[in-house]
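> Next up, structure-v2.txt (compact mmCIF, C-alpha atoms).
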# COMPACT_ATOMS: atom_id res chain seq x y z
CA MET A 1 -20.54 15.24 -53.45
CA LYS A 2 -17.28 13.41 -53.96
CA TYR A 3 -16.96 9.78 -52.99
CA ILE A 4 -13.84 8.37 -51.32
CA THR A 5 -12.66 5.52 -53.50
CA GLY A 6 -9.68 3.29 -54.18
CA TYR A 7 -6.40 4.06 -52.45
CA LYS A 8 -7.79 6.92 -50.31
CA PHE A 9 -10.56 4.69 -49.02
CA TYR A 10 -7.99 2.03 -48.15
CA LEU A 11 -5.90 4.52 -46.17
CA LEU A 12 -8.93 5.85 -44.31
CA SER A 13 -9.97 2.31 -43.40
CA ILE A 14 -6.54 1.57 -41.96
CA ILE A 15 -6.51 4.83 -39.97
CA MET A 16 -9.90 4.05 -38.49
CA LEU A 17 -8.52 0.80 -37.08
CA ILE A 18 -5.74 2.59 -35.19
CA PRO A 19 -6.61 3.64 -31.62
CA PHE A 20 -7.10 7.39 -31.35
CA SER A 21 -4.44 7.63 -28.62
CA GLN A 22 -1.86 6.21 -31.02
CA LEU A 23 -2.71 8.57 -33.89
CA PHE A 24 -1.61 11.52 -31.78
CA ALA A 25 1.51 10.74 -29.76
CA GLN A 26 1.41 11.51 -26.05
CA LYS A 27 3.35 14.57 -24.98
CA VAL A 28 6.67 13.95 -23.28
CA PHE A 29 7.22 15.65 -19.91
CA VAL A 30 9.61 15.61 -16.99
CA THR A 31 7.37 13.98 -14.38
CA GLY A 32 6.44 16.38 -11.61
CA LYS A 33 8.07 19.46 -13.06
CA GLY A 34 5.10 21.77 -12.75
CA LYS A 35 1.43 21.03 -13.36
CA MET A 36 1.05 17.75 -15.24
CA PRO A 37 -1.54 16.92 -17.92
CA ASN A 38 -3.95 14.06 -17.38
CA GLU A 39 -1.53 11.72 -19.16
CA TRP A 40 2.00 12.00 -20.43
CA ILE A 41 5.15 10.10 -21.36
CA ASP A 42 7.88 10.21 -18.72
CA SER A 43 10.87 11.83 -20.44
CA SER A 44 13.35 9.69 -18.49
CA THR A 45 11.72 6.28 -18.90
CA GLY A 46 9.45 6.42 -21.96
CA HIS A 47 6.51 4.97 -20.01
CA LEU A 48 2.95 6.28 -20.15
CA ILE A 49 1.65 7.83 -16.90
CA LYS A 50 -1.95 8.80 -16.18
CA ARG A 51 -3.60 10.72 -13.39
CA LEU A 52 -6.10 8.14 -12.19
CA ILE A 53 -8.52 10.25 -10.12
CA ASN A 54 -9.95 13.46 -11.51
CA ARG A 55 -11.45 15.11 -8.47
CA PRO A 56 -10.14 18.21 -6.66
CA GLY A 57 -8.40 17.86 -3.33
CA ASN A 58 -6.16 15.16 -1.90
CA ASN A 59 -6.58 11.63 -3.25
CA ARG A 60 -4.68 8.88 -1.45
CA SER A 61 -4.39 5.23 -2.47
CA PHE A 62 -3.93 2.52 0.15
CA TYR A 63 -0.76 1.47 1.96
CA PHE A 64 1.25 -1.09 -0.01
CA HIS A 65 0.04 -4.27 1.76
CA ASN A 66 -3.64 -3.25 1.94
CA ASN A 67 -5.45 -4.64 -1.11
CA PRO A 68 -7.79 -1.92 -2.46
CA PHE A 69 -9.51 -3.89 -5.26
CA VAL A 70 -13.05 -5.25 -5.12
CA ASP A 71 -15.79 -5.83 -7.73
CA GLY A 72 -13.85 -4.10 -10.52
CA LYS A 73 -13.23 -1.07 -8.35
CA MET A 74 -10.36 0.48 -6.43
CA ILE A 75 -11.17 1.95 -3.02
CA PHE A 76 -9.30 5.09 -1.94
CA TYR A 77 -9.49 8.09 0.38
CA GLY A 78 -10.36 11.52 -0.93
CA SER A 79 -10.29 14.85 0.85
CA ASP A 80 -11.32 18.38 -0.02
CA PHE A 81 -8.09 19.66 1.51
CA LEU A 82 -5.07 20.32 -0.70
CA ASP A 83 -1.85 19.52 1.15
CA LYS A 84 1.41 17.66 0.51
CA ASN A 85 0.95 15.39 3.50
CA SER A 86 -1.23 12.33 3.88
CA LEU A 87 -4.12 12.86 6.28
CA SER A 88 -3.63 9.64 8.23
CA SER A 89 -0.69 7.55 9.32
CA ALA A 90 0.17 4.03 8.14
CA ASP A 91 2.24 3.43 11.27
CA GLY A 92 -0.60 2.42 13.55
CA TYR A 93 -1.65 5.84 14.75
CA VAL A 94 -4.52 7.90 13.39
CA PHE A 95 -5.20 11.00 15.42
CA HIS A 96 -8.91 11.74 15.63
CA PHE A 97 -9.53 15.43 15.20
CA LYS A 98 -12.77 16.97 16.37
CA GLY A 99 -15.04 16.44 13.42
CA ASN A 100 -13.77 15.84 9.90
CA PRO A 101 -12.54 19.29 8.84
CA TYR A 102 -10.94 18.12 5.59
CA ASN A 103 -13.94 15.95 4.60
CA ASN A 104 -11.72 12.88 4.31
CA GLN A 105 -13.99 10.14 2.92
CA LEU A 106 -13.87 6.74 1.24
CA TYR A 107 -14.41 6.64 -2.53
CA SER A 108 -14.51 3.97 -5.22
CA TYR A 109 -12.93 4.23 -8.66
CA ASN A 110 -14.38 2.02 -11.40
CA LEU A 111 -11.40 0.51 -13.21
CA SER A 112 -13.37 0.09 -16.46
CA SER A 113 -15.42 3.28 -16.73
CA GLY A 114 -13.21 5.63 -14.73
CA LYS A 115 -16.20 6.74 -12.65
CA THR A 116 -15.51 7.94 -9.11
CA THR A 117 -18.19 7.46 -6.44
CA GLN A 118 -18.19 8.78 -2.89
CA LEU A 119 -19.01 5.95 -0.47
CA THR A 120 -19.05 7.69 2.92
CA HIS A 121 -20.35 11.03 4.17
CA LYS A 122 -19.06 11.12 7.74
CA GLU A 123 -18.69 14.17 9.94
CA ASN A 124 -15.99 12.60 12.11
CA SER A 125 -12.42 11.57 11.34
CA MET A 126 -12.20 7.99 10.10
CA SER A 127 -9.50 5.39 9.53
CA GLY A 128 -9.11 1.99 7.94
CA GLU A 129 -7.87 0.64 4.60
CA ILE A 130 -9.72 -2.69 4.66
CA VAL A 131 -11.67 -4.31 1.82
CA SER A 132 -13.49 -7.67 1.70
CA ARG A 133 -14.10 -9.15 -1.75
CA VAL A 134 -16.37 -11.75 -0.14
CA ASN A 135 -18.62 -9.23 1.63
CA HIS A 136 -18.27 -6.47 -1.01
CA GLU A 137 -17.52 -4.06 1.81
CA ALA A 138 -14.88 -1.60 2.92
CA TYR A 139 -14.37 -1.32 6.69
CA PHE A 140 -13.48 1.80 8.64
CA GLN A 141 -13.43 3.05 12.21
CA ILE A 142 -14.65 6.25 13.84
CA LYS A 143 -13.48 6.55 17.45
CA ASP A 144 -14.73 3.36 19.15
CA SER A 145 -17.11 2.27 16.37
CA VAL A 146 -16.41 -0.03 13.42
CA PHE A 147 -18.48 0.26 10.22
CA GLY A 148 -18.80 -1.50 6.89
CA VAL A 149 -19.84 0.24 3.68
CA ASN A 150 -21.01 -1.69 0.62
CA VAL A 151 -18.78 -0.71 -2.31
CA ASN A 152 -21.64 -1.06 -4.82
CA THR A 153 -24.56 0.55 -2.99
CA ALA A 154 -22.75 2.78 -0.45
CA LYS A 155 -25.05 1.39 2.25
CA THR A 156 -23.30 1.62 5.63
CA ARG A 157 -23.83 -0.61 8.65
CA LEU A 158 -22.48 -0.60 12.20
CA ILE A 159 -20.34 -3.69 12.83
CA PHE A 160 -19.00 -3.28 16.38
CA VAL A 161 -18.45 -0.84 19.23
CA PHE A 162 -15.37 -1.36 21.40
CA PRO A 163 -15.90 -1.50 25.17
CA ALA A 164 -14.67 1.45 27.20
CA ASP A 165 -11.70 -0.49 28.62
CA PHE A 166 -10.51 -1.93 25.28
CA LYS A 167 -10.43 0.58 22.44
CA GLY A 168 -8.49 -1.20 19.72
CA ASN A 169 -7.85 -0.31 16.08
CA ILE A 170 -8.85 -2.57 13.20
CA THR A 171 -6.39 -3.06 10.32
CA THR A 172 -7.35 -6.19 8.35
CA VAL A 173 -10.11 -8.61 7.31
CA ASN A 174 -9.65 -12.33 6.72
CA ALA A 175 -9.98 -14.25 3.46
CA ASP A 176 -13.53 -15.52 4.00
CA GLY A 177 -14.89 -12.22 5.33
CA THR A 178 -15.75 -13.48 8.81
CA LEU A 179 -13.12 -11.77 10.98
CA LEU A 180 -11.61 -8.34 11.42
CA ALA A 181 -8.35 -8.04 13.34
CA GLY A 182 -6.12 -5.40 14.83
CA ALA A 183 -4.19 -4.38 17.92
CA TYR A 184 -4.98 -2.69 21.22
CA SER A 185 -2.46 -0.30 22.76
CA THR A 186 -2.42 1.00 26.31
CA PRO A 187 -3.41 4.56 27.28
CA ILE A 188 0.26 5.21 28.17
CA GLU A 189 1.35 4.40 24.64
CA LYS A 190 -1.35 6.63 23.19
CA VAL A 191 -0.19 9.51 25.41
CA ILE A 192 3.36 9.12 24.01
CA ALA A 193 2.05 9.16 20.44
CA LYS A 194 -0.08 12.24 21.06
CA LYS A 195 2.72 14.12 22.81
CA TYR A 196 5.25 13.28 20.07
CA PRO A 197 3.24 13.17 16.83
CA GLN A 198 6.22 12.96 14.46
CA LYS A 199 7.51 9.46 13.74
CA HIS A 200 11.14 10.33 14.49
CA ASP A 201 10.00 11.52 17.94
CA TYR A 202 7.59 8.75 18.99
CA PHE A 203 9.21 5.72 17.34
CA ASN A 204 12.00 4.92 19.79
CA ARG A 205 9.99 6.14 22.78
CA ILE A 206 7.19 3.67 22.13
CA PHE A 207 9.62 0.84 21.43
CA GLU A 208 11.56 1.47 24.64
CA SER A 209 8.42 1.81 26.75
CA LYS A 210 7.67 -1.95 26.33
CA GLN A 211 3.98 -1.35 26.90
CA PRO A 212 1.82 -4.46 26.39
CA ARG A 213 -0.14 -4.75 23.17
CA THR A 214 -2.96 -7.16 22.50
CA LEU A 215 -3.98 -8.68 19.16
CA PHE A 216 -7.70 -9.27 18.76
CA THR A 217 -10.32 -10.41 16.29
CA ILE A 218 -13.93 -9.28 15.83
CA ASN A 219 -16.39 -11.79 14.40
CA ILE A 220 -18.33 -9.83 11.78
CA ILE A 221 -21.36 -12.13 12.08
CA SER A 222 -21.60 -12.74 15.85
CA LYS A 223 -20.04 -9.36 16.84
CA LYS A 224 -17.81 -11.19 19.34
CA LEU A 225 -14.48 -9.67 20.41
CA ASN A 226 -11.73 -12.25 20.92
CA LYS A 227 -8.38 -11.32 22.51
CA ILE A 228 -5.88 -13.72 20.97
CA PHE A 229 -2.36 -12.67 22.03
CA THR A 230 -0.66 -10.17 24.36
CA ASP A 231 3.01 -9.29 24.53
CA SER A 232 5.12 -6.52 26.07
CA ALA A 233 6.17 -5.51 22.56
CA TRP A 234 4.97 -3.11 19.92
CA LEU A 235 2.72 -5.40 17.85
CA ASN A 236 1.97 -3.75 14.52
CA HIS A 237 1.33 -4.22 10.76
CA VAL A 238 -1.40 -6.78 11.46
CA GLN A 239 -2.36 -8.59 8.23
CA PHE A 240 -4.50 -11.61 7.45
CA SER A 241 -3.39 -14.10 4.80
CA PRO A 242 -5.20 -13.56 1.49
CA ILE A 243 -5.91 -17.33 1.34
CA ASP A 244 -5.93 -18.87 4.84
CA PRO A 245 -8.73 -17.25 6.92
CA HIS A 246 -7.08 -18.30 10.20
CA LEU A 247 -3.50 -17.15 9.51
CA LEU A 248 -2.55 -13.74 10.89
CA MET A 249 0.79 -12.00 10.36
CA PHE A 250 2.08 -9.23 12.61
CA CYS A 251 5.37 -7.58 13.43
CA HIS A 252 7.40 -6.58 16.45
CA GLU A 253 7.75 -2.91 15.62
CA GLY A 254 10.79 -0.86 16.58
CA PRO A 255 14.29 -0.24 15.21
CA TRP A 256 14.57 -3.13 12.77
CA GLU A 257 18.13 -4.00 13.77
CA LYS A 258 16.91 -4.62 17.34
CA VAL A 259 13.91 -6.87 16.64
CA ASP A 260 13.13 -10.21 15.08
CA ARG A 261 10.22 -8.59 13.36
CA ILE A 262 7.97 -10.92 11.34
CA TRP A 263 5.59 -13.39 13.04
CA THR A 264 2.46 -15.41 12.27
CA MET A 265 -0.14 -17.23 14.34
CA ASP A 266 -3.37 -19.19 13.93
CA VAL A 267 -6.18 -17.04 15.36
CA VAL A 268 -8.42 -20.04 16.04
CA LYS A 269 -5.90 -22.40 17.59
CA LYS A 270 -4.15 -19.43 19.27
CA ASN A 271 -0.91 -21.32 18.97
CA LYS A 272 2.48 -19.92 19.88
CA PRO A 273 3.50 -17.26 17.34
CA ARG A 274 5.93 -18.46 14.66
CA LEU A 275 8.99 -16.39 13.77
CA ILE A 276 9.27 -16.10 9.98
CA HIS A 277 12.84 -14.81 9.67
CA LYS A 278 15.56 -14.95 12.33
CA ARG A 279 18.31 -12.34 12.12
CA SER A 280 21.74 -13.91 11.61
CA MET A 281 24.18 -11.03 12.02
CA ASN A 282 24.68 -7.75 13.82
CA MET A 283 22.62 -4.89 12.30
CA GLU A 284 20.66 -7.21 10.01
CA ILE A 285 17.16 -5.96 9.28
CA ALA A 286 14.03 -7.46 7.74
CA GLY A 287 10.73 -5.65 7.45
CA HIS A 288 7.89 -4.08 5.45
CA GLU A 289 6.55 -7.59 5.09
CA TRP A 290 3.67 -8.71 2.88
CA PHE A 291 1.93 -11.91 1.79
CA SER A 292 2.28 -13.21 -1.76
CA PRO A 293 -1.08 -13.22 -3.59
CA ASP A 294 -1.29 -17.02 -3.35
CA GLY A 295 -0.55 -16.90 0.39
CA LYS A 296 2.41 -19.29 0.07
CA TYR A 297 5.19 -16.79 0.82
CA ILE A 298 5.87 -13.86 3.07
CA TRP A 299 8.21 -11.36 1.41
CA TYR A 300 10.23 -8.60 3.06
CA ASP A 301 12.95 -5.99 2.71
CA LEU A 302 16.16 -7.74 3.81
CA GLN A 303 19.48 -5.99 4.46
CA LEU A 304 22.67 -7.88 5.41
CA PRO A 305 23.61 -5.71 7.27
CA ARG A 306 21.49 -2.58 7.35
CA GLY A 307 22.44 -0.07 4.67
CA LYS A 308 25.08 -2.26 2.99
CA ASN A 309 23.75 -5.30 1.10
CA PHE A 310 20.18 -5.12 -0.17
CA TYR A 311 17.75 -7.94 -0.95
CA VAL A 312 14.11 -8.82 -1.23
CA GLY A 313 13.78 -11.91 0.95
CA GLY A 314 11.02 -14.47 1.07
CA THR A 315 10.02 -17.34 3.36
CA GLU A 316 7.95 -20.23 2.06
CA LEU A 317 5.36 -20.82 4.76
CA ALA A 318 4.91 -24.56 4.14
CA THR A 319 8.62 -25.39 4.46
CA GLY A 320 10.34 -22.41 6.10
CA LYS A 321 12.74 -22.30 3.14
CA GLU A 322 14.15 -18.84 2.48
CA ILE A 323 15.18 -17.25 -0.81
CA LYS A 324 16.54 -13.80 -1.56
CA TYR A 325 17.07 -11.57 -4.58
CA HIS A 326 19.93 -9.08 -4.56
CA LEU A 327 19.49 -5.52 -5.76
CA LEU A 328 21.67 -2.41 -5.99
CA ARG A 329 21.68 0.48 -3.54
CA ASN A 330 19.88 2.80 -5.95
CA GLU A 331 17.24 0.11 -6.51
CA TRP A 332 16.39 -0.25 -2.83
CA SER A 333 12.79 0.74 -2.18
CA VAL A 334 10.82 1.79 0.87
CA HIS A 335 8.21 -0.79 -0.12
CA TYR A 336 8.13 -3.67 -2.56
CA THR A 337 5.20 -5.61 -3.97
CA THR A 338 4.38 -8.60 -6.14
CA SER A 339 2.36 -8.87 -9.34
CA TRP A 340 -0.87 -10.85 -9.13
CA ASP A 341 0.60 -13.64 -11.27
CA GLU A 342 3.74 -13.51 -9.09
CA SER A 343 6.05 -13.27 -12.09
CA VAL A 344 7.58 -9.88 -11.29
CA PHE A 345 8.12 -7.49 -8.38
CA ALA A 346 8.06 -3.71 -8.13
CA GLY A 347 9.55 -1.11 -5.80
CA ASP A 348 8.76 2.52 -5.04
CA GLY A 349 12.34 3.71 -4.63
CA GLY A 350 13.65 5.85 -1.81
CA GLY A 351 14.55 9.44 -1.04
CA PRO A 352 18.09 10.64 -0.29
CA ASN A 353 17.40 10.51 3.47
CA SER A 354 15.95 6.99 3.41
CA VAL A 355 17.72 3.95 4.86
CA ALA A 356 19.79 3.16 1.76
CA LYS A 357 21.04 6.77 1.34
CA SER A 358 20.75 6.22 -2.40
CA PRO A 359 22.37 8.92 -4.56
CA ASN A 360 19.89 8.17 -7.38
CA GLY A 361 17.08 6.12 -5.89
CA GLN A 362 13.94 8.17 -6.54
CA TRP A 363 12.34 5.93 -9.15
CA ILE A 364 9.48 3.50 -9.44
CA TYR A 365 11.03 0.20 -10.51
CA LEU A 366 9.91 -3.02 -12.12
CA PHE A 367 12.00 -6.01 -10.97
CA ASN A 368 12.40 -9.23 -12.96
CA PRO A 369 13.89 -12.12 -10.94
CA GLU A 370 16.96 -13.60 -12.63
CA GLY A 371 18.70 -16.28 -10.61
CA ASP A 372 19.74 -14.72 -7.30
CA HIS A 373 19.17 -11.08 -8.28
CA PHE A 374 16.73 -8.63 -9.82
CA ARG A 375 17.00 -7.08 -13.26
CA SER A 376 15.45 -3.65 -12.90
CA GLU A 377 13.62 -1.27 -15.21
CA LYS A 378 12.81 2.32 -14.31
CA LEU A 379 9.16 3.23 -14.87
CA VAL A 380 8.71 6.68 -13.27
CA ASP A 381 11.13 9.44 -12.37
CA MET A 382 10.15 10.43 -8.81
CA LYS A 383 12.73 13.14 -8.12
CA TYR A 384 10.00 15.74 -7.58
CA ASP A 385 8.19 13.60 -4.98
CA ASP A 386 9.47 14.45 -1.50
CA TYR A 387 9.01 10.88 -0.16
CA LYS A 388 7.35 12.17 2.97
CA LEU A 389 4.44 10.64 1.12
CA GLU A 390 5.70 7.21 0.09
CA PRO A 391 4.36 5.97 -3.30
CA ASN A 392 3.07 2.57 -2.00
CA LEU A 393 2.63 0.57 -5.21
CA HIS A 394 -0.24 -1.69 -6.29
CA PHE A 395 -0.31 -3.78 -9.46
CA SER A 396 -3.61 -3.31 -11.28
CA PRO A 397 -5.73 -6.48 -11.36
CA ASP A 398 -4.74 -7.10 -15.01
CA ASN A 399 -1.02 -6.65 -14.18
CA LYS A 400 -0.68 -4.00 -16.91
CA TRP A 401 -0.30 -0.93 -14.68
CA LEU A 402 1.32 0.09 -11.41
CA ILE A 403 -0.82 2.40 -9.30
CA PHE A 404 0.91 4.80 -6.91
CA ARG A 405 0.42 7.99 -4.96
CA ALA A 406 2.63 11.06 -5.17
CA ASN A 407 2.82 14.73 -4.24
CA PHE A 408 4.99 16.02 -7.10
CA GLU A 409 2.18 18.40 -8.15
CA GLY A 410 2.01 19.99 -4.71
CA HIS A 411 -0.75 17.81 -3.29
CA THR A 412 -1.48 14.11 -2.82
CA ASP A 413 -2.88 12.40 -5.90
CA ILE A 414 -3.14 8.92 -7.45
CA TYR A 415 -1.44 7.95 -10.71
CA GLU A 416 -0.76 4.84 -12.75
CA VAL A 417 2.14 3.94 -15.01
CA ARG A 418 1.87 1.45 -17.85
CA ILE A 419 4.36 -1.36 -17.32
CA LYS A 420 5.00 -1.85 -21.03
CA LYS A 421 6.09 1.02 -23.25
CA SER A 422 3.15 3.21 -24.20
CA LEU A 423 2.49 1.88 -27.73
CA GLU A 424 3.17 -1.80 -27.07
CA ASN A 425 0.32 -4.31 -26.81
Write out the structure in this file as structure tokens.

Amino acid sequence: MKYITGYKFYLLSIIMLIPFSQLFAQKVFVTGKGKMPNEWIDSSTGHLIKRLINRPGNNRSFYFHNNPFVDGKMIFYGSDFLDKNSLSSADGYVFHFKGNPYNNQLYSYNLSSGKTTQLTHKENSMSGEIVSRVNHEAYFQIKDSVFGVNVNTAKTRLIFVFPADFKGNITTVNADGTLLAGAYSTPIEKVIAKKYPQKHDYFNRIFESKQPRTLFTINIISKKLNKIFTDSAWLNHVQFSPIDPHLLMFCHEGPWEKVDRIWTMDVVKKNKPRLIHKRSMNMEIAGHEWFSPDGKYIWYDLQLPRGKNFYVGGTELATGKEIKYHLLRNEWSVHYTTSWDESVFAGDGGGPNSVAKSPNGQWIYLFNPEGDHFRSEKLVDMKYDDYKLEPNLHFSPDNKWLIFRANFEGHTDIYEVRIKKSLEN
């Protein structure tokens, strides 16, 4: 038997200290051009991309302003059905089919171990992208019933059953885990949505119908339903502050150039709703709003006017002071988001038929604020995603990855891209 000594032993020792993934360089691929490996380097950007969930079927991460992280896990929806389209709508309508034919269920993904666990086993269609870090639960709704499932034990409990004359839809939970909130729409509005299931068909019809909508809360402990605000407007995108358990944000949905969209109110005081951004010119739009992680700002897509000058705007809640960061047409994104340390932003780009009509906008971007504008970096080439399924970005809890959904492999799946180049620390 020969012993490894001297220089050879030194080399072997050094090699053993190098991570295995760096000894063998990742393969470089055009993202979405055919079946992708479990991880690869994007040929256009040089960034490492991984398929996050390794289970067959559709896997769909949450909408951009719904926080999916709890107890070191990411909550997501998985289905046995392979299809390019998402199985539920983020626009306030989820159509309840008879039964659950695609077996669309809630799952957890352990961010450390990579283990995927099925949390629900329901025979009926379900909706809800709501997670409470305080209660360690994910909340969902089946018809008129609201449930909570523990993300660690998968134990499910019934929270609330809506009365026959007030069948609302939950969309958010507050910061201290005591209240769920959502909106109630009239039967007339639901008939319009069912008759015209495509967004381009129902959107203006619902806006023009001026049907009343009612915001409500459900006390998770006492099971009490509280109707807090009604308006003859399309109240939508209902979100609780991540910090203030009484502060609720909602929007006046509709063509953005026709509405002052973003509002907040105190759900306990039930004070008059506060407008967050007032339009200042014809065809100005502001929307796809979200809270900053520290709850101090509300950020939004701002265009002055629509389709011409593009910004990410923000309103400081304590003072009402507004700031805005300019970006280029190709950098405009359907949705933006903020890192957990609030140092950078990201955007999911836009298809050629999106609002900006970008000639080269199908990218996932990282945005660094510099003065009054963003300096952008392309992370993922999304030209093979059809943008009928919008990527909806989430920064990972350690701010090292951006998690997104895409259909560039012919079905809906969840991926992550490393923000730094693949071999950097």
> So which residues fall inside 6 Å of (4.1, -8.8, 23.3) if we count only C-alpha atoms? Mind giving them as a VMD selection string?
chain A and resid 212 to 213 230 to 233
> Please provide the set of residues having any atom within 10 Å of Thr264 in chain A, restricted to all atoms listed in the file, with same-chain residues fewer than 4 positions apart removed, written as a list of chain:residue names.
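Listing them by chain and then by number gives A:Val238, A:Gln239, A:Phe240, A:Ser241, A:Leu247, A:Leu248, A:Met249, A:Phe250, A:Cys251, A:Asn271, A:Lys272, A:Pro273, A:Arg274, A:Leu275, A:Ile276, A:Ile298, A:Leu317.
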> Could you jot down the CA of Asp348 in chain A to CA of Tyr384 in chain A separation for me, Å, one decimal place?
13.5 Å
> With 6 Å of padding per side, what axis-aligned box (centre and edge lengths, Å, one decimal) covers all the listed atoms of range 235-253 of chain A? Give it as JSON.

{"center_x": -0.5, "center_y": -10.9, "center_z": 9.6, "size_x": 28.5, "size_y": 28.0, "size_z": 28.5}
> Pick out the closest residue to Leu179 in chain A from this set: A:Val30, A:Ile220, A:Val149, A:Leu215. Count all atoms listed in the file.
A:Ile220
> Measuring atom to atom with only C-alpha atoms, identify which of A:His373, A:His411, A:Lys210, A:Lys227 is nearest to Gly168 in chain A.
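Residue with the minimum atom-to-atom distance to Gly168 in chain A: A:Lys227.
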> May I ask which of the residues A:Ile243, A:Val344, A:Ile159, A:Leu180 is the closest one to Val267 in chain A, counting only C-alpha atoms?
A:Leu180
> Nearest to Ile323 in chain A: which of A:Tyr297, A:Tyr336, A:Phe395, A:Tyr196 is it, counting only C-alpha atoms?
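Looking only at the distances to Ile323 in chain A, the closest residue turns out to be A:Tyr297.
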> Up to 10 Å from (-7.6, -5.7, 5.1) in the file's coordinates: name the residues, counting all atoms listed in the file, as a PyMOL selection string.
chain A and resi 65-68+128-132+138-139+170-175+177+180-182+238-242
> May I ask which of the residues A:Tyr415, A:Trp263, A:Trp332, A:Phe207 is the closest one to Gly350 in chain A, counting all atoms listed in the file?
A:Trp332
> Taking all atoms listed in the file into account, name the residue in A:Ala193, A:Val355, A:Ile142, A:Met382 that is nearest to Ser44 in chain A.
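Nearest to Ser44 in chain A: A:Met382.
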> Could you work out how far CA of Glu409 in chain A lies from CA of Pro37 in chain A, giving the answer in Å with one decimal?
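Going from CA of Pro37 in chain A over to CA of Glu409 in chain A, I get 10.6 Å.
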> By how many Å are CA of Pro101 in chain A and CA of Asp144 in chain A apart?
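So the two atoms, CA of Pro101 in chain A and CA of Asp144 in chain A, lie 19.1 Å apart.
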> Give me, as a list in words, all polymer residues having an atom no more than 6 Å from range 285-289 of chain A, counting all atoms listed in the file and skipping those fewer than 4 positions away in the same chain.
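In the requested format, the answer is Trp256, Glu257, Trp299, Tyr300, Asp301, Leu302, Gln303 and Arg306 of chain A.
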> Excluding Thr214 in chain A and its own-chain neighbours fewer than 2 positions away, which residues fall within 6 Å of it when counting only C-alpha atoms? Please give them as a list in words.
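With the cut-off at 6 Å, the set is Ala183, Tyr184, Phe229 and Thr230 of chain A.
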> Which polymer residues have any atom within 12 Å of an atom of Phe408 in chain A, counting only C-alpha atoms, with same-chain residues fewer than 6 positions away left out, as a PyMOL selection string?
chain A and resi 30-36+51+83-85+362+380-391+414-415
> Would you kindly place N, CA and C atoms on range 368-379 of chain A and return the model as a JSON list (two decimals), in the coordinates of the input?

[["chain", "number", "residue", "atom", "x", "y", "z"],
["A", 368, "ASN", "N", 12.52, -7.89, -12.41],
["A", 368, "ASN", "CA", 12.40, -9.23, -12.96],
["A", 368, "ASN", "C", 13.41, -10.14, -12.27],
["A", 369, "PRO", "N", 12.95, -11.20, -11.58],
["A", 369, "PRO", "CA", 13.89, -12.12, -10.94],
["A", 369, "PRO", "C", 14.74, -12.86, -11.99],
["A", 370, "GLU", "N", 16.04, -12.85, -11.78],
["A", 370, "GLU", "CA", 16.96, -13.60, -12.63],
["A", 370, "GLU", "C", 17.98, -14.28, -11.73],
["A", 371, "GLY", "N", 17.79, -15.57, -11.51],
["A", 371, "GLY", "CA", 18.70, -16.28, -10.61],
["A", 371, "GLY", "C", 18.59, -15.75, -9.21],
["A", 372, "ASP", "N", 19.71, -15.21, -8.68],
["A", 372, "ASP", "CA", 19.74, -14.72, -7.30],
["A", 372, "ASP", "C", 19.64, -13.20, -7.21],
["A", 373, "HIS", "N", 19.22, -12.54, -8.30],
["A", 373, "HIS", "CA", 19.17, -11.08, -8.28],
["A", 373, "HIS", "C", 18.00, -10.58, -9.11],
["A", 374, "PHE", "N", 17.75, -9.28, -9.03],
["A", 374, "PHE", "CA", 16.73, -8.63, -9.82],
["A", 374, "PHE", "C", 17.36, -7.90, -10.99],
["A", 375, "ARG", "N", 16.70, -7.97, -12.13],
["A", 375, "ARG", "CA", 17.00, -7.08, -13.26],
["A", 375, "ARG", "C", 15.94, -5.98, -13.23],
["A", 376, "SER", "N", 16.39, -4.75, -13.13],
["A", 376, "SER", "CA", 15.45, -3.65, -12.90],
["A", 376, "SER", "C", 15.18, -2.85, -14.16],
["A", 377, "GLU", "N", 14.00, -2.23, -14.18],
["A", 377, "GLU", "CA", 13.62, -1.27, -15.21],
["A", 377, "GLU", "C", 12.97, -0.08, -14.52],
["A", 378, "LYS", "N", 13.39, 1.11, -14.88],
["A", 378, "LYS", "CA", 12.81, 2.32, -14.31],
["A", 378, "LYS", "C", 11.52, 2.66, -15.05],
["A", 379, "LEU", "N", 10.46, 2.91, -14.28],
["A", 379, "LEU", "CA", 9.16, 3.23, -14.87],
["A", 379, "LEU", "C", 8.78, 4.69, -14.71]]
